[in-house]
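Participant: Got a structure for you, input06.pdb, holding PDB, C-alpha atoms, pLDDT in the B column.
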ATOM      1  CA  SER A 249      -2.706  -3.615 -29.482  1.00 56.00           C
ATOM      2  CA  ARG A 250      -3.655   0.061 -29.469  1.00 50.00           C
ATOM      3  CA  SER A 251      -4.547  -0.006 -33.157  1.00 53.00           C
ATOM      4  CA  LYS A 252      -6.933  -2.887 -32.593  1.00 51.00           C
ATOM      5  CA  ILE A 253      -8.527  -1.092 -29.652  1.00 48.00           C
ATOM      6  CA  SER A 254      -8.891   2.105 -31.702  1.00 48.00           C
ATOM      7  CA  SER A 255     -10.403   0.180 -34.591  1.00 50.00           C
ATOM      8  CA  ALA A 256     -12.794  -1.570 -32.237  1.00 46.00           C
ATOM      9  CA  LEU A 257     -13.881   1.721 -30.706  1.00 43.00           C
ATOM     10  CA  LEU A 258     -14.458   3.215 -34.148  1.00 43.00           C
ATOM     11  CA  VAL A 259     -16.513   0.209 -35.173  1.00 44.00           C
ATOM     12  CA  ILE A 260     -18.567   0.384 -31.968  1.00 47.00           C
ATOM     13  CA  GLY A 261     -19.151   4.094 -32.543  1.00 46.00           C
ATOM     14  CA  ALA A 262     -20.113   3.507 -36.149  1.00 45.00           C
ATOM     15  CA  LEU A 263     -22.514   0.736 -35.212  1.00 45.00           C
ATOM     16  CA  SER A 264     -24.076   3.002 -32.631  1.00 47.00           C
ATOM     17  CA  VAL A 265     -24.546   5.733 -35.239  1.00 46.00           C
ATOM     18  CA  CYS A 266     -25.818   3.182 -37.721  1.00 46.00           C
ATOM     19  CA  GLY A 267     -28.447   2.083 -35.238  1.00 47.00           C
ATOM     20  CA  SER A 268     -29.596   5.635 -34.587  1.00 44.00           C
ATOM     21  CA  THR A 269     -29.576   6.442 -38.309  1.00 42.00           C
ATOM     22  CA  ALA A 270     -31.502   3.320 -39.245  1.00 43.00           C
ATOM     23  CA  SER A 271     -34.049   4.199 -36.626  1.00 50.00           C
ATOM     24  CA  ALA A 272     -33.945   7.859 -37.751  1.00 72.00           C
ATOM     25  CA  GLN A 273     -37.484   7.898 -36.771  1.00 92.00           C
ATOM     26  CA  ASN A 274     -40.239   8.208 -39.269  1.00 97.00           C
ATOM     27  CA  ILE A 275     -42.559  10.491 -37.320  1.00 98.00           C
ATOM     28  CA  ILE A 276     -45.540   9.451 -39.457  1.00 98.00           C
ATOM     29  CA  ALA A 277     -47.714   6.902 -37.686  1.00 96.00           C
ATOM     30  CA  ASN A 278     -49.052   3.947 -39.685  1.00 96.00           C
ATOM     31  CA  PRO A 279     -47.014   5.002 -42.777  1.00 97.00           C
ATOM     32  CA  GLY A 280     -48.199   2.117 -44.965  1.00 97.00           C
ATOM     33  CA  PHE A 281     -51.823   2.065 -43.763  1.00 96.00           C
ATOM     34  CA  GLU A 282     -51.327  -1.446 -42.426  1.00 96.00           C
ATOM     35  CA  SER A 283     -53.358  -0.709 -39.272  1.00 93.00           C
ATOM     36  CA  VAL A 284     -56.953   0.442 -38.978  1.00 90.00           C
ATOM     37  CA  PRO A 285     -56.983   4.235 -38.411  1.00 85.00           C
ATOM     38  CA  SER A 286     -57.154   4.882 -34.683  1.00 80.00           C
ATOM     39  CA  SER A 287     -59.954   6.462 -32.700  1.00 78.00           C
ATOM     40  CA  PRO A 288     -59.479   8.953 -31.144  1.00 77.00           C
ATOM     41  CA  PRO A 289     -57.298  10.208 -34.026  1.00 79.00           C
ATOM     42  CA  MET A 290     -53.629   9.281 -33.647  1.00 87.00           C
ATOM     43  CA  ASP A 291     -52.717   8.594 -37.280  1.00 94.00           C
ATOM     44  CA  TRP A 292     -54.524   8.873 -40.631  1.00 96.00           C
ATOM     45  CA  GLN A 293     -58.007  10.286 -40.847  1.00 94.00           C
ATOM     46  CA  PHE A 294     -60.194  10.338 -43.966  1.00 94.00           C
ATOM     47  CA  THR A 295     -62.697  12.829 -45.396  1.00 93.00           C
ATOM     48  CA  PRO A 296     -65.377  11.819 -46.075  1.00 90.00           C
ATOM     49  CA  PRO A 297     -65.202   9.122 -43.357  1.00 81.00           C
ATOM     50  CA  SER A 298     -66.692   6.552 -45.754  1.00 79.00           C
ATOM     51  CA  ILE A 299     -63.395   6.631 -47.655  1.00 84.00           C
ATOM     52  CA  THR A 300     -60.641   4.624 -45.988  1.00 83.00           C
ATOM     53  CA  ARG A 301     -57.680   2.384 -46.613  1.00 91.00           C
ATOM     54  CA  ASP A 302     -58.113  -0.676 -48.830  1.00 92.00           C
ATOM     55  CA  ASN A 303     -56.083  -3.554 -50.214  1.00 95.00           C
ATOM     56  CA  SER A 304     -56.732  -3.028 -53.916  1.00 93.00           C
ATOM     57  CA  ASN A 305     -53.322  -1.614 -54.891  1.00 94.00           C
ATOM     58  CA  PRO A 306     -50.660  -1.720 -52.141  1.00 96.00           C
ATOM     59  CA  ARG A 307     -47.096  -0.891 -53.082  1.00 96.00           C
ATOM     60  CA  THR A 308     -45.762  -2.836 -50.093  1.00 97.00           C
ATOM     61  CA  GLY A 309     -47.539  -4.754 -47.369  1.00 97.00           C
ATOM     62  CA  SER A 310     -51.243  -5.443 -47.767  1.00 97.00           C
ATOM     63  CA  TRP A 311     -52.875  -2.016 -47.614  1.00 97.00           C
ATOM     64  CA  ASP A 312     -52.885   1.423 -49.234  1.00 97.00           C
ATOM     65  CA  ALA A 313     -54.918   4.630 -49.138  1.00 96.00           C
ATOM     66  CA  ASN A 314     -57.393   4.734 -52.013  1.00 95.00           C
ATOM     67  CA  LEU A 315     -58.773   8.236 -52.624  1.00 95.00           C
ATOM     68  CA  GLU A 316     -61.341   8.536 -55.404  1.00 93.00           C
ATOM     69  CA  GLN A 317     -63.582  11.453 -56.326  1.00 93.00           C
ATOM     70  CA  SER A 318     -66.044  11.894 -59.207  1.00 92.00           C
ATOM     71  CA  THR A 319     -68.442  14.561 -57.911  1.00 93.00           C
ATOM     72  CA  PRO A 320     -67.882  17.941 -59.646  1.00 92.00           C
ATOM     73  CA  GLY A 321     -65.970  20.220 -57.283  1.00 92.00           C
ATOM     74  CA  GLY A 322     -65.431  17.339 -54.865  1.00 93.00           C
ATOM     75  CA  ASN A 323     -62.493  16.654 -52.545  1.00 94.00           C
ATOM     76  CA  THR A 324     -61.537  13.340 -50.956  1.00 95.00           C
ATOM     77  CA  ASN A 325     -58.512  13.340 -48.684  1.00 96.00           C
ATOM     78  CA  THR A 326     -56.507  11.676 -45.949  1.00 96.00           C
ATOM     79  CA  PHE A 327     -54.512  13.638 -43.398  1.00 97.00           C
ATOM     80  CA  GLN A 328     -52.406  13.264 -40.283  1.00 97.00           C
ATOM     81  CA  GLN A 329     -50.866  15.509 -37.625  1.00 97.00           C
ATOM     82  CA  THR A 330     -47.914  14.126 -35.685  1.00 97.00           C
ATOM     83  CA  PRO A 331     -47.779  14.461 -31.872  1.00 96.00           C
ATOM     84  CA  VAL A 332     -46.642  17.694 -30.235  1.00 97.00           C
ATOM     85  CA  GLY A 333     -42.895  17.467 -29.626  1.00 97.00           C
ATOM     86  CA  SER A 334     -42.239  15.169 -32.606  1.00 97.00           C
ATOM     87  CA  VAL A 335     -40.490  17.968 -34.540  1.00 97.00           C
ATOM     88  CA  THR A 336     -37.337  19.897 -33.571  1.00 97.00           C
ATOM     89  CA  PRO A 337     -37.115  23.558 -34.670  1.00 97.00           C
ATOM     90  CA  GLY A 338     -34.311  24.180 -37.167  1.00 97.00           C
ATOM     91  CA  GLU A 339     -33.913  20.502 -38.045  1.00 97.00           C
ATOM     92  CA  GLN A 340     -34.181  19.251 -41.623  1.00 97.00           C
ATOM     93  CA  TYR A 341     -36.619  16.485 -42.500  1.00 98.00           C
ATOM     94  CA  THR A 342     -36.914  14.308 -45.590  1.00 97.00           C
ATOM     95  CA  LEU A 343     -40.478  13.874 -46.805  1.00 97.00           C
ATOM     96  CA  SER A 344     -41.056  10.897 -49.091  1.00 97.00           C
ATOM     97  CA  TYR A 345     -44.141   9.086 -50.310  1.00 97.00           C
ATOM     98  CA  TYR A 346     -45.256   6.833 -53.142  1.00 96.00           C
ATOM     99  CA  ILE A 347     -48.236   7.944 -55.152  1.00 93.00           C
ATOM    100  CA  GLU A 348     -50.166   6.669 -58.159  1.00 92.00           C
ATOM    101  CA  TYR A 349     -52.593   8.991 -59.892  1.00 89.00           C
ATOM    102  CA  ASP A 350     -55.192   8.704 -62.603  1.00 85.00           C
ATOM    103  CA  GLY A 351     -57.783  11.332 -63.477  1.00 83.00           C
ATOM    104  CA  VAL A 352     -59.979  12.741 -66.223  1.00 83.00           C
ATOM    105  CA  GLY A 353     -60.559  16.351 -67.245  1.00 83.00           C
ATOM    106  CA  GLY A 354     -60.002  18.867 -64.474  1.00 82.00           C
ATOM    107  CA  GLY A 355     -59.244  16.295 -61.807  1.00 87.00           C
ATOM    108  CA  ILE A 356     -55.981  16.702 -59.882  1.00 89.00           C
ATOM    109  CA  GLY A 357     -54.171  15.247 -56.895  1.00 91.00           C
ATOM    110  CA  GLN A 358     -52.682  17.298 -54.077  1.00 93.00           C
ATOM    111  CA  VAL A 359     -50.084  16.835 -51.353  1.00 95.00           C
ATOM    112  CA  GLN A 360     -49.750  19.627 -48.783  1.00 96.00           C
ATOM    113  CA  THR A 361     -47.646  19.788 -45.623  1.00 97.00           C
ATOM    114  CA  GLU A 362     -47.357  22.291 -42.791  1.00 97.00           C
ATOM    115  CA  PHE A 363     -45.354  22.680 -39.603  1.00 98.00           C
ATOM    116  CA  MET A 364     -47.419  23.349 -36.481  1.00 97.00           C
ATOM    117  CA  ASN A 365     -46.623  24.906 -33.119  1.00 98.00           C
ATOM    118  CA  SER A 366     -47.399  23.280 -29.766  1.00 97.00           C
ATOM    119  CA  THR A 367     -50.940  24.707 -29.708  1.00 96.00           C
ATOM    120  CA  GLY A 368     -51.840  23.493 -33.213  1.00 94.00           C
ATOM    121  CA  GLY A 369     -51.253  26.785 -34.991  1.00 97.00           C
ATOM    122  CA  VAL A 370     -49.902  26.757 -38.555  1.00 96.00           C
ATOM    123  CA  LEU A 371     -46.440  28.304 -38.851  1.00 96.00           C
ATOM    124  CA  GLY A 372     -46.423  30.466 -41.971  1.00 91.00           C
ATOM    125  CA  ALA A 373     -47.332  29.285 -45.441  1.00 89.00           C
ATOM    126  CA  PRO A 374     -47.521  25.565 -46.275  1.00 92.00           C
ATOM    127  CA  SER A 375     -44.017  24.089 -46.183  1.00 92.00           C
ATOM    128  CA  PHE A 376     -44.656  21.962 -49.278  1.00 92.00           C
ATOM    129  CA  VAL A 377     -47.426  21.795 -51.879  1.00 92.00           C
ATOM    130  CA  ASN A 378     -47.479  19.409 -54.834  1.00 89.00           C
ATOM    131  CA  TYR A 379     -50.294  19.377 -57.392  1.00 88.00           C
ATOM    132  CA  PHE A 380     -50.277  16.670 -60.018  1.00 83.00           C
ATOM    133  CA  GLY A 381     -52.463  15.477 -62.847  1.00 75.00           C
ATOM    134  CA  THR A 382     -52.334  12.915 -65.600  1.00 57.00           C
ATOM    135  CA  SER A 383     -48.962  13.303 -67.311  1.00 55.00           C
ATOM    136  CA  PRO A 384     -46.071  11.101 -68.504  1.00 50.00           C
ATOM    137  CA  ASN A 385     -44.996  10.860 -64.844  1.00 52.00           C
ATOM    138  CA  PHE A 386     -48.378   9.777 -63.516  1.00 58.00           C
ATOM    139  CA  GLY A 387     -51.264   7.574 -64.486  1.00 56.00           C
ATOM    140  CA  THR A 388     -52.002   3.943 -63.709  1.00 56.00           C
ATOM    141  CA  ALA A 389     -49.694   2.760 -66.488  1.00 58.00           C
ATOM    142  CA  ALA A 390     -46.768   4.394 -64.714  1.00 71.00           C
ATOM    143  CA  GLY A 391     -47.542   2.728 -61.375  1.00 86.00           C
ATOM    144  CA  TYR A 392     -46.384   4.188 -58.095  1.00 92.00           C
ATOM    145  CA  GLN A 393     -44.009   7.145 -58.321  1.00 91.00           C
ATOM    146  CA  LEU A 394     -41.632   8.228 -55.551  1.00 94.00           C
ATOM    147  CA  GLU A 395     -41.853  11.898 -54.578  1.00 94.00           C
ATOM    148  CA  THR A 396     -39.408  13.502 -52.117  1.00 95.00           C
ATOM    149  CA  ALA A 397     -38.677  16.893 -50.582  1.00 96.00           C
ATOM    150  CA  THR A 398     -36.369  18.278 -47.882  1.00 97.00           C
ATOM    151  CA  LEU A 399     -38.083  20.553 -45.375  1.00 97.00           C
ATOM    152  CA  THR A 400     -36.657  22.674 -42.554  1.00 97.00           C
ATOM    153  CA  ALA A 401     -38.691  23.067 -39.390  1.00 97.00           C
ATOM    154  CA  PRO A 402     -39.149  26.764 -38.568  1.00 97.00           C
ATOM    155  CA  PRO A 403     -38.739  28.297 -35.094  1.00 97.00           C
ATOM    156  CA  ASP A 404     -41.416  27.122 -32.637  1.00 97.00           C
ATOM    157  CA  ALA A 405     -42.193  24.034 -34.766  1.00 98.00           C
ATOM    158  CA  SER A 406     -43.464  21.147 -32.672  1.00 98.00           C
ATOM    159  CA  ALA A 407     -45.574  18.978 -34.995  1.00 98.00           C
ATOM    160  CA  PHE A 408     -46.029  18.141 -38.676  1.00 98.00           C
ATOM    161  CA  TYR A 409     -49.222  18.000 -40.739  1.00 98.00           C
ATOM    162  CA  ILE A 410     -49.692  16.270 -44.092  1.00 97.00           C
ATOM    163  CA  LEU A 411     -52.773  16.117 -46.319  1.00 97.00           C
ATOM    164  CA  VAL A 412     -53.170  14.139 -49.549  1.00 96.00           C
ATOM    165  CA  GLY A 413     -56.270  14.706 -51.640  1.00 95.00           C
ATOM    166  CA  ALA A 414     -58.104  13.767 -54.818  1.00 94.00           C
ATOM    167  CA  ILE A 415     -59.841  16.859 -56.196  1.00 93.00           C
ATOM    168  CA  THR A 416     -62.199  17.215 -59.152  1.00 91.00           C
ATOM    169  CA  GLY A 417     -62.936  20.223 -61.325  1.00 86.00           C
ATOM    170  CA  ALA A 418     -66.332  21.827 -61.736  1.00 88.00           C
ATOM    171  CA  ASN A 419     -67.245  20.027 -64.947  1.00 88.00           C
ATOM    172  CA  PRO A 420     -69.351  16.849 -65.018  1.00 89.00           C
ATOM    173  CA  GLY A 421     -67.160  13.906 -65.918  1.00 88.00           C
ATOM    174  CA  ASP A 422     -64.065  15.206 -64.125  1.00 89.00           C
ATOM    175  CA  THR A 423     -62.518  12.492 -61.935  1.00 90.00           C
ATOM    176  CA  SER A 424     -59.519  12.138 -59.656  1.00 91.00           C
ATOM    177  CA  HIS A 425     -58.091   8.894 -58.286  1.00 91.00           C
ATOM    178  CA  VAL A 426     -55.072   8.748 -55.947  1.00 93.00           C
ATOM    179  CA  PHE A 427     -53.348   5.740 -54.405  1.00 94.00           C
ATOM    180  CA  LEU A 428     -50.922   6.530 -51.562  1.00 96.00           C
ATOM    181  CA  ASP A 429     -48.475   4.279 -49.702  1.00 97.00           C
ATOM    182  CA  ASP A 430     -45.238   4.266 -47.671  1.00 98.00           C
ATOM    183  CA  VAL A 431     -45.230   7.831 -46.348  1.00 98.00           C
ATOM    184  CA  SER A 432     -42.164   8.966 -44.408  1.00 98.00           C
ATOM    185  CA  VAL A 433     -41.025  12.125 -42.637  1.00 98.00           C
ATOM    186  CA  ALA A 434     -37.647  11.545 -40.979  1.00 98.00           C
ATOM    187  CA  PRO A 435     -34.804  13.746 -39.712  1.00 97.00           C
ATOM    188  CA  VAL A 436     -31.908  14.196 -42.136  1.00 96.00           C
ATOM    189  CA  PRO A 437     -28.826  12.483 -40.559  1.00 92.00           C
ATOM    190  CA  GLU A 438     -26.227  14.851 -39.112  1.00 82.00           C
ATOM    191  CA  PRO A 439     -23.093  15.163 -41.330  1.00 77.00           C
ATOM    192  CA  ALA A 440     -20.892  14.233 -38.357  1.00 57.00           C
ATOM    193  CA  SER A 441     -22.854  11.020 -37.884  1.00 51.00           C
ATOM    194  CA  VAL A 442     -22.463  10.098 -41.538  1.00 48.00           C
ATOM    195  CA  GLY A 443     -18.699  10.766 -41.336  1.00 51.00           C
ATOM    196  CA  LEU A 444     -18.286   8.626 -38.228  1.00 50.00           C
ATOM    197  CA  LEU A 445     -20.202   5.824 -39.868  1.00 52.00           C
ATOM    198  CA  ALA A 446     -17.906   5.906 -42.915  1.00 52.00           C
ATOM    199  CA  LEU A 447     -14.799   6.058 -40.702  1.00 53.00           C
ATOM    200  CA  GLY A 448     -15.955   3.079 -38.698  1.00 51.00           C
ATOM    201  CA  ALA A 449     -16.636   1.109 -41.865  1.00 52.00           C
ATOM    202  CA  LEU A 450     -13.109   1.836 -43.136  1.00 57.00           C
ATOM    203  CA  ALA A 451     -11.597   0.761 -39.825  1.00 52.00           C
ATOM    204  CA  PHE A 452     -13.587  -2.454 -39.875  1.00 49.00           C
ATOM    205  CA  THR A 453     -12.514  -3.203 -43.459  1.00 55.00           C
ATOM    206  CA  GLY A 454      -8.855  -2.523 -42.660  1.00 56.00           C
ATOM    207  CA  ARG A 455      -8.948  -4.793 -39.650  1.00 56.00           C
ATOM    208  CA  ARG A 456     -10.446  -7.629 -41.694  1.00 56.00           C
ATOM    209  CA  ARG A 457      -7.720  -7.228 -44.320  1.00 57.00           C
ATOM    210  CA  ARG A 458      -4.945  -7.310 -41.730  1.00 57.00           C
ATOM    211  CA  SER A 459      -6.512 -10.355 -40.108  1.00 55.00           C
ATOM    212  CA  ALA A 460      -6.709 -12.141 -43.473  1.00 55.00           C
ATOM    213  CA  ALA A 461      -3.056 -11.296 -44.220  1.00 57.00           C
ATOM    214  CA  ASN A 462      -1.941 -12.831 -40.920  1.00 57.00           C
ATOM    215  CA  HIS A 463      -3.587 -16.185 -41.642  1.00 55.00           C
TER
END
Step by step, read the file and then write its structure as structure tokens.

Facilitator:
Amino acid sequence: SRSKISSALLVIGALSVCGSTASAQNIIANPGFESVPSSPPMDWQFTPPSITRDNSNPRTGSWDANLEQSTPGGNTNTFQQTPVGSVTPGEQYTLSYYIEYDGVGGGIGQVQTEFMNSTGGVLGAPSFVNYFGTSPNFGTAAGYQLETATLTAPPDASAFYILVGAITGANPGDTSHVFLDDVSVAPVPEPASVGLLALGALAFTGRRRRSAANH
């Protein structure tokens, strides 16, 4: 019947949207540090190079980024720039990451992101900056904490840059220790796609109910 055909088409459309939404691509390469950083650079890089991923405190999988600094005025970080063309100007992106921090004195952690143009130039001020220190929301006792932000790519945006660092103050004894895992930067689903998905789900539910009533 026509109603069955319509329901089937809605379900097919919804499943199609669901597939594209589920694969709403995380443009961050190696988001959980499960692979060895590539050379030449294609994903995470570390400064200093002696600092790298480890398996001491993964949130998921087997690996994490372990950034530790105890030298006064020191900075240990990991960073990544996505490929040119990975970002669409005007589109919204959801940034999310899990972070665990512990520090002493003037030590802090930092997350900074920027949108880049096709030639590697920074577009305006940093799109997101988050400084954090030992507080009720952080510290090893609290474990990993989820941090999120919604960012809009400016005109001419073509790539995304993220840096996460462990920074110490100038005083001897200051320390900063950051664990990072499961980093994601993904397009926010279009409202029309979300609506079609919900409509398809309703059609599928209604069809199942009618089928059950006929048996």

Participant: Tell me which protein, DNA and RNA residues are within 8 Å of Ala313 (chain A), counting only C-alpha atoms, leaving out same-chain ones fewer than 5 positions away, and put them as a PyMOL selection string.

Facilitator: chain A and resi 281+300-302+326+426-429

Participant: Have a look at A:Ser375, A:Ser334, A:Asn323, A:Asn314 and name the one nearest to Pro435 (chain A); count only C-alpha atoms.

Facilitator: A:Ser334

Participant: Give me, as a tab-separated table, each residue of region 269-331 of chain A that comes within 8 Å of region 402-421 of chain A, together with its shortest interatomic pair and the distance in Å at one decimal, counting all atoms listed in the file, with rows ordered by chain and rising residue number.

Facilitator:
residue	atom	partner	partner_atom	distance
A:Leu315	CA	A:Ala414	CA	6.0
A:Glu316	CA	A:Ala414	CA	6.2
A:Gln317	CA	A:Ala414	CA	6.1
A:Ser318	CA	A:Thr416	CA	6.6
A:Thr319	CA	A:Thr416	CA	6.9
A:Pro320	CA	A:Ala418	CA	4.7
A:Gly321	CA	A:Ala418	CA	4.7
A:Gly322	CA	A:Thr416	CA	5.4
A:Asn323	CA	A:Ile415	CA	4.5
A:Thr324	CA	A:Ala414	CA	5.2
A:Asn325	CA	A:Gly413	CA	4.0
A:Thr326	CA	A:Val412	CA	5.5
A:Phe327	CA	A:Leu411	CA	4.2
A:Gln328	CA	A:Ile410	CA	5.6
A:Gln329	CA	A:Tyr409	CA	4.3
A:Thr330	CA	A:Phe408	CA	5.3
A:Pro331	CA	A:Ala407	CA	5.9

Participant: Taking only C-alpha atoms into account, name the residue in A:Ser432, A:Asn305, A:Thr361, A:Ser298 that is nearest to Ile275 (chain A).

Facilitator: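 Using only C-alpha atoms, Ile275 (chain A) sits closest to A:Ser432.
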
Participant: Name the closest residue to Glu282 (chain A) among the candidates A:Asn303, A:Thr400, A:Asn365, A:Gln393; distances are taken between atoms, counting only C-alpha atoms.

Facilitator: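 Of all the options, A:Asn303 lies closest to Glu282 (chain A).
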
Participant: What would the selection look like, as a VMD selection string, if the PyMOL selection byres ((chain A and resi 353) around 7) were run on the coordinates I just shared?

Facilitator: chain A and resid 351 to 352 354 to 355 422 to 423

Participant: Please indicate the distance in Å from CA of Thr342 (chain A) to CA of Phe376 (chain A), rounded to one decimal place.

Facilitator: 11.5 Å

Participant: Can you work out the spacing between CA of Asp291 (chain A) and CA of Pro279 (chain A) in Å, to one decimal?

Facilitator: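 Separation between CA of Asp291 (chain A) and CA of Pro279 (chain A): 8.7 Å.
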
Participant: So, with all atoms listed in the file as the atoms that count, which of A:Ser344, A:Ser366, A:His425, A:Pro297 lies closest to Gly381 (chain A)?

Facilitator: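 Closest candidate: A:His425.
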
Participant: Restricting the calculation to all atoms listed in the file: of A:Pro374, A:Gly369, A:Gly391, A:Gly333, which residue gets closest to Asp350 (chain A)?

Facilitator: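 Answer, going by the shortest atom-to-atom distance: A:Gly391.
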
Participant: Could you tell me how far CA of Ala390 (chain A) sits from CA of Pro296 (chain A), in Å to one decimal place?

Facilitator: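 Distance reported for this atom pair: 27.4 Å.
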
Participant: Using all atoms listed in the file, find the one residue out of A:Val377, A:Val370, A:Val335, A:Leu343 that sits nearest to Ala397 (chain A).

Facilitator: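 Residue with the minimum atom-to-atom distance to Ala397 (chain A): A:Leu343.
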
Participant: Taking the file as shown, what set of residues would the PyMOL selection byres ((chain A and resi 378) around 9) give back, as a PyMOL selection string?

Facilitator: chain A and resi 357-360+376-377+379-380

Participant: Starting from the shown file, work through the PyMOL selection byres ((chain A and resi 346) around 7) and note down what comes out as a PyMOL selection string.

Facilitator: chain A and resi 345+347+392-395+428-431

Participant: Export C-alpha atoms of region 323-392 of chain A from the structure just given, as a short mmCIF file (atom, residue, chain, number, x, y, z; two decimals), in the first residue's frame?

Facilitator:
data_model
loop_
_atom_site.label_atom_id
_atom_site.label_comp_id
_atom_site.auth_asym_id
_atom_site.auth_seq_id
_atom_site.Cartn_x
_atom_site.Cartn_y
_atom_site.Cartn_z
CA ASN A 323 55.81 24.06 28.70
CA THR A 324 55.07 20.55 27.47
CA ASN A 325 52.42 20.19 24.79
CA THR A 326 50.84 18.13 22.05
CA PHE A 327 49.27 19.68 18.98
CA GLN A 328 47.66 18.85 15.66
CA GLN A 329 46.56 20.67 12.51
CA THR A 330 43.92 18.99 10.37
CA PRO A 331 44.36 18.78 6.57
CA VAL A 332 43.52 21.74 4.33
CA GLY A 333 39.90 21.38 3.21
CA SER A 334 38.78 19.52 6.35
CA VAL A 335 36.79 22.54 7.58
CA THR A 336 33.84 24.28 5.88
CA PRO A 337 33.49 28.05 6.40
CA GLY A 338 30.34 28.99 8.34
CA GLU A 339 29.78 25.47 9.66
CA GLN A 340 29.49 24.74 13.38
CA TYR A 341 31.75 22.16 14.99
CA THR A 342 31.55 20.44 18.37
CA LEU A 343 34.89 20.23 20.16
CA SER A 344 35.08 17.61 22.91
CA TYR A 345 37.93 16.03 24.82
CA TYR A 346 38.59 14.22 28.08
CA ILE A 347 41.24 15.64 30.34
CA GLU A 348 42.68 14.83 33.75
CA TYR A 349 44.84 17.40 35.48
CA ASP A 350 47.00 17.53 38.57
CA GLY A 351 49.45 20.29 39.44
CA VAL A 352 51.22 22.10 42.26
CA GLY A 353 51.67 25.82 42.83
CA GLY A 354 51.57 27.92 39.68
CA GLY A 355 51.19 24.98 37.32
CA ILE A 356 48.26 25.07 34.89
CA GLY A 357 46.91 23.19 31.90
CA GLN A 358 45.88 24.80 28.63
CA VAL A 359 43.72 23.92 25.64
CA GLN A 360 43.81 26.32 22.68
CA THR A 361 42.21 26.00 19.24
CA GLU A 362 42.37 28.07 16.07
CA PHE A 363 40.88 27.98 12.60
CA MET A 364 43.40 28.23 9.76
CA ASN A 365 43.13 29.28 6.13
CA SER A 366 44.39 27.21 3.20
CA THR A 367 47.91 28.65 3.47
CA GLY A 368 48.26 27.96 7.21
CA GLY A 369 47.44 31.47 8.39
CA VAL A 370 45.57 31.93 11.68
CA LEU A 371 42.12 33.46 11.23
CA GLY A 372 41.65 36.04 13.97
CA ALA A 373 42.01 35.37 17.67
CA PRO A 374 42.04 31.81 19.04
CA SER A 375 38.57 30.29 18.63
CA PHE A 376 38.72 28.64 22.06
CA VAL A 377 41.06 28.87 25.05
CA ASN A 378 40.65 26.93 28.28
CA TYR A 379 43.04 27.30 31.22
CA PHE A 380 42.60 24.99 34.17
CA GLY A 381 44.33 24.24 37.43
CA THR A 382 43.76 22.09 40.47
CA SER A 383 40.17 22.67 41.58
CA PRO A 384 37.11 20.63 42.62
CA ASN A 385 36.60 19.86 38.92
CA PHE A 386 40.13 18.64 38.28
CA GLY A 387 42.82 16.63 39.98
CA THR A 388 43.63 12.94 39.84
CA ALA A 389 40.92 12.13 42.38
CA ALA A 390 38.31 13.46 39.97
CA GLY A 391 39.56 11.35 37.06
CA TYR A 392 38.93 12.31 33.47
#
